[in-house]
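Next comes my_file-v4.cif, with mmCIF, C-alpha atoms and all ligand atoms.
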data_data
loop_
_atom_site.label_atom_id
_atom_site.label_comp_id
_atom_site.auth_asym_id
_atom_site.auth_seq_id
_atom_site.Cartn_x
_atom_site.Cartn_y
_atom_site.Cartn_z
CA MET A 1 11.65 -25.86 14.55
CA SER A 2 15.34 -26.22 13.77
CA GLN A 3 16.81 -24.33 10.83
CA PRO A 4 17.92 -26.41 7.83
CA LYS A 5 21.71 -26.67 7.58
CA ARG A 6 23.31 -24.50 4.88
CA THR A 7 25.48 -26.61 2.63
CA ARG A 8 26.95 -23.82 0.51
CA PRO A 9 28.35 -20.34 1.10
CA ILE A 10 25.75 -17.63 0.55
CA HIS A 11 26.92 -14.67 -1.51
CA THR A 12 25.53 -11.24 -0.56
CA PRO A 13 25.58 -8.69 -3.41
CA PRO A 14 27.84 -5.79 -2.38
CA GLY A 15 25.21 -3.16 -3.25
CA GLY A 16 22.84 -4.53 -0.59
CA GLU A 17 19.07 -4.31 -0.80
CA PRO A 18 17.81 -1.70 -3.27
CA ILE A 19 15.86 0.84 -1.23
CA GLY A 20 13.23 3.23 -2.44
CA ILE A 21 13.06 2.13 -6.06
CA LYS A 22 9.68 1.23 -7.48
CA PRO A 23 8.29 1.09 -11.00
CA ASN A 24 6.36 4.21 -11.96
CA GLU A 25 2.75 3.82 -10.75
CA ALA A 26 1.52 5.10 -14.10
CA ILE A 27 2.33 1.61 -15.44
CA ILE A 28 -0.21 -0.29 -13.36
CA GLU A 29 -2.70 2.52 -13.86
CA ALA A 30 -2.32 1.93 -17.62
CA ILE A 31 -2.21 -1.87 -17.79
CA GLY A 32 -4.18 -2.84 -14.68
CA GLN A 33 -3.65 -5.86 -12.48
CA GLU A 34 -4.59 -8.16 -15.36
CA GLY A 35 -1.82 -6.61 -17.45
CA VAL A 36 0.74 -7.53 -14.79
CA PHE A 37 -0.54 -11.13 -14.75
CA ARG A 38 -0.37 -11.22 -18.55
CA ILE A 39 3.26 -10.07 -18.54
CA LEU A 40 4.33 -12.58 -15.89
CA ALA A 41 2.53 -15.37 -17.78
CA ASN A 42 4.69 -14.44 -20.78
CA VAL A 43 7.85 -14.37 -18.61
CA TYR A 44 7.11 -17.87 -17.31
CA LYS A 45 6.26 -19.13 -20.79
CA ARG A 46 9.74 -18.00 -21.81
CA LEU A 47 11.28 -19.59 -18.70
CA GLU A 48 9.70 -22.89 -19.79
CA THR A 49 12.40 -23.23 -22.48
CA ALA A 50 15.22 -21.34 -20.71
CA SER A 51 18.33 -23.11 -19.44
CA ILE A 52 17.38 -22.06 -15.87
CA ARG A 53 14.10 -24.02 -16.16
CA PRO A 54 15.39 -26.80 -13.83
CA LEU A 55 15.61 -24.27 -10.98
CA PHE A 56 11.81 -24.02 -10.99
CA ALA A 57 9.26 -26.51 -9.74
CA ALA A 58 7.24 -28.56 -12.21
CA ASP A 59 4.19 -26.35 -11.78
CA LEU A 60 5.10 -23.03 -13.34
CA ASP A 61 1.53 -21.68 -13.12
CA THR A 62 1.74 -21.30 -9.35
CA ALA A 63 5.15 -19.63 -9.61
CA SER A 64 3.79 -17.26 -12.25
CA TRP A 65 0.80 -16.37 -10.04
CA ARG A 66 3.03 -15.66 -7.04
CA ALA A 67 5.45 -13.54 -9.03
CA ALA A 68 2.60 -11.57 -10.65
CA SER A 69 0.97 -10.91 -7.29
CA TYR A 70 4.31 -9.66 -5.97
CA PHE A 71 4.77 -7.34 -8.94
CA VAL A 72 1.22 -5.96 -8.61
CA GLU A 73 2.13 -4.93 -5.07
CA ALA A 74 5.57 -3.56 -5.98
CA MET A 75 4.03 -1.52 -8.79
CA GLY A 76 1.61 0.23 -6.44
CA GLY A 77 -1.41 -2.05 -6.85
CA ARG A 78 -3.30 -4.16 -4.30
CA HIS A 79 -1.36 -6.06 -1.63
CA LEU A 80 -2.03 -9.35 -3.36
CA TYR A 81 1.20 -11.07 -2.36
CA SER A 82 1.33 -9.98 1.30
CA ASP A 83 -2.33 -10.80 1.83
CA SER A 84 -1.76 -14.39 0.71
CA TYR A 85 1.80 -15.17 1.79
CA GLY A 86 2.87 -12.59 4.39
CA ARG A 87 5.91 -10.34 4.21
CA PRO A 88 7.52 -10.54 0.77
CA LEU A 89 11.13 -11.05 2.02
CA MET A 90 12.10 -11.85 -1.55
CA ARG A 91 15.81 -12.40 -1.03
CA GLU A 92 15.13 -14.81 1.83
CA ARG A 93 12.57 -16.70 -0.24
CA HIS A 94 15.06 -17.08 -3.09
CA LEU A 95 17.91 -18.33 -0.84
CA PRO A 96 17.10 -22.03 -1.33
CA ILE A 97 17.54 -21.48 -5.09
CA GLU A 98 21.10 -21.15 -6.37
CA ILE A 99 21.08 -17.91 -8.36
CA ASP A 100 24.30 -16.66 -9.91
CA GLU A 101 24.77 -13.68 -12.25
CA ALA A 102 24.25 -15.82 -15.36
CA ALA A 103 20.92 -17.14 -14.02
CA ARG A 104 19.88 -13.59 -13.13
CA VAL A 105 20.67 -12.32 -16.62
CA GLU A 106 18.69 -15.15 -18.22
CA TRP A 107 15.72 -14.44 -15.93
CA LEU A 108 15.97 -10.71 -16.69
CA ASP A 109 16.16 -11.34 -20.44
CA CYS A 110 12.86 -13.25 -20.24
CA PHE A 111 11.35 -10.40 -18.27
CA LYS A 112 12.55 -7.69 -20.65
CA ALA A 113 11.36 -9.65 -23.69
CA ALA A 114 7.89 -9.94 -22.12
CA LEU A 115 7.81 -6.17 -21.54
CA ARG A 116 8.64 -5.55 -25.20
CA ASP A 117 5.94 -7.98 -26.31
CA ASP A 118 3.47 -6.09 -24.17
CA ILE A 119 4.38 -2.74 -25.69
CA ARG A 120 3.92 -4.27 -29.14
CA ASP A 121 0.77 -6.32 -28.50
CA TYR A 122 -1.03 -4.62 -25.60
CA ASN A 123 -0.90 -1.35 -23.70
CA PHE A 124 2.33 -1.26 -21.69
CA PRO A 125 3.34 2.45 -21.76
CA ALA A 126 6.64 2.58 -23.66
CA GLU A 127 7.61 5.84 -21.96
CA HIS A 128 7.83 3.94 -18.64
CA LEU A 129 9.80 0.95 -19.93
CA GLU A 130 13.00 2.30 -18.40
CA SER A 131 11.43 2.60 -14.94
CA MET A 132 10.26 -1.04 -15.06
CA GLU A 133 13.58 -2.30 -16.40
CA THR A 134 15.60 -0.38 -13.82
CA TYR A 135 13.47 -1.78 -11.01
CA SER A 136 13.74 -5.38 -12.23
CA ASP A 137 17.46 -5.04 -12.96
CA LEU A 138 18.31 -3.68 -9.50
CA PHE A 139 15.89 -5.91 -7.63
CA SER A 140 17.02 -9.07 -9.44
CA LYS A 141 20.63 -8.26 -8.44
CA TRP A 142 19.49 -8.57 -4.85
CA MET A 143 18.30 -12.16 -5.56
CA VAL A 144 21.82 -13.32 -6.49
CA ASN A 145 23.22 -15.63 -3.81
CA VAL A 146 26.01 -17.49 -5.62
CA GLU A 147 29.25 -15.65 -6.31
CA SER A 148 30.32 -15.68 -9.96
CA GLU A 149 33.90 -16.39 -11.08
CA ALA A 150 35.76 -13.12 -11.54
C1 LIG A 201 12.86 -8.68 -9.77
C2 LIG A 201 13.33 -9.85 -9.34
C3 LIG A 201 12.48 -11.01 -8.91
C4 LIG A 201 11.23 -11.02 -8.39
C5 LIG A 201 10.32 -9.86 -8.05
C6 LIG A 201 10.88 -12.42 -8.16
C7 LIG A 201 9.69 -12.87 -7.62
C8 LIG A 201 9.45 -14.14 -7.21
C9 LIG A 201 8.34 -14.57 -6.39
C10 LIG A 201 7.26 -13.66 -5.85
C11 LIG A 201 8.46 -15.88 -6.17
C12 LIG A 201 7.55 -16.77 -5.32
C13 LIG A 201 8.18 -16.79 -3.93
C14 LIG A 201 7.34 -17.45 -2.89
O1 LIG A 201 6.18 -17.05 -2.71
O2 LIG A 201 7.86 -18.34 -2.18
C15 LIG A 201 9.64 -16.32 -6.89
C16 LIG A 201 10.08 -17.62 -6.94
C17 LIG A 201 11.15 -18.03 -7.68
N1 LIG A 201 12.04 -17.23 -8.36
FE1 LIG A 201 11.97 -15.23 -8.45
N2 LIG A 201 11.90 -13.22 -8.59
C18 LIG A 201 12.90 -12.40 -9.03
C19 LIG A 201 14.12 -12.79 -9.52
C20 LIG A 201 14.47 -14.08 -9.78
C21 LIG A 201 15.68 -14.47 -10.46
C22 LIG A 201 16.77 -13.52 -10.97
C23 LIG A 201 15.67 -15.81 -10.54
C24 LIG A 201 16.75 -16.60 -11.19
C25 LIG A 201 16.73 -17.82 -11.52
C26 LIG A 201 14.43 -16.28 -9.90
C27 LIG A 201 14.03 -17.59 -9.74
C28 LIG A 201 12.96 -18.02 -8.98
C29 LIG A 201 12.65 -19.41 -8.70
C30 LIG A 201 13.42 -20.62 -9.20
C31 LIG A 201 11.52 -19.42 -7.88
C32 LIG A 201 10.79 -20.65 -7.31
C33 LIG A 201 9.58 -20.88 -8.17
C34 LIG A 201 8.93 -22.21 -7.93
O3 LIG A 201 8.30 -22.39 -6.89
O4 LIG A 201 9.05 -23.04 -8.81
N3 LIG A 201 13.73 -15.20 -9.45
N4 LIG A 201 10.21 -15.26 -7.50
#

What does this structure look like when you write it as structure tokens?
Ligand code: HEM
Amino acid sequence: MSQPKRTRPIHTPPGGEPIGIKPNEAIIEAIGQEGVFRILANVYKRLETASIRPLFAADLDTASWRAASYFVEAMGGRHLYSDSYGRPLMRERHLPIEIDEAARVEWLDCFKAALRDDIRDYNFPAEHLESMETYSDLFSKWMVNVESEA
């Protein structure tokens, strides 16, 4: 199968792939797999009205399911994503989507807001918020593939 032709320059974040960072496993122990799905459902509900909404396909439920299954795995839970879709290769999977720093920040804002909702309304352990935010901040930087204006 021939590779599709790239029509734009691909930006590689200077920091490279974040290695060895994971959210604290106490988080998934506290909230369970269903808690991770609940948080990602909230993230995608927020993305529904975000300005980056057009980057996503019409069916956000599937995207939410895939993202939640990835996070379950990254947080030390079952290998839900790999078992269904193979190696995560997240940067590669995001390459067809044009993600610049502004898009990343908007995505991350939705994510952080959902974490705060969960602390308030459910059982996300507030003492591990920083671990989850650091992971999503660093990992989302690795998804950026469009260089921003200086
Ligand atoms: C911690 C960082 C991130 C994680 C773990 C993550 C996770 C995922 C996963 C698992 C998928 C499904 C991939 C597949 O199975 O093909 C996905 C798709 C996608 N992600 Fe991310 N993502 C992250 C950051 C971002 C950022 C910063 C953006 C910015 C716009 C973004 C936009 C998208 C879009 C547009 C899709 C396609 C969804 C669709 O099919 O409609 N992601 N992401």

Shell around Glu98 of chain A at 10 Å using all atoms listed in the file, local window under 4 positions removed, as a PyMOL selection string
chain A and resi 8+10-11+55+94+103+143-147

Which of these residues is nearest to ligand LIG 201 (chain A), using only C-alpha atoms and all ligand atoms: A:Arg66, A:His128, A:Lys112, A:His79?
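Counting only C-alpha atoms and all ligand atoms, the residue closest to ligand LIG 201 (chain A) is A:Arg66.
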
Within-8 Å residues of ligand LIG 201 (chain A), basis only C-alpha atoms and all ligand atoms, as a VMD selection string:
chain A and resid 52 to 60 62 to 64 66 to 71 81 85 88 90 93 to 94 97 to 100 103 to 108 135 to 144

Polymer residues at most 12 Å from Gly77 of chain A, all atoms listed in the file, same-chain spacing of 6 or more positions, as a PyMOL selection string
chain A and resi 22-36+68-71

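Using all atoms listed in the file, the smallest distance between any of A:Leu89, A:Leu80, A:Ala41, A:Leu95 and Thr7 of chain A comes from A:Leu95.
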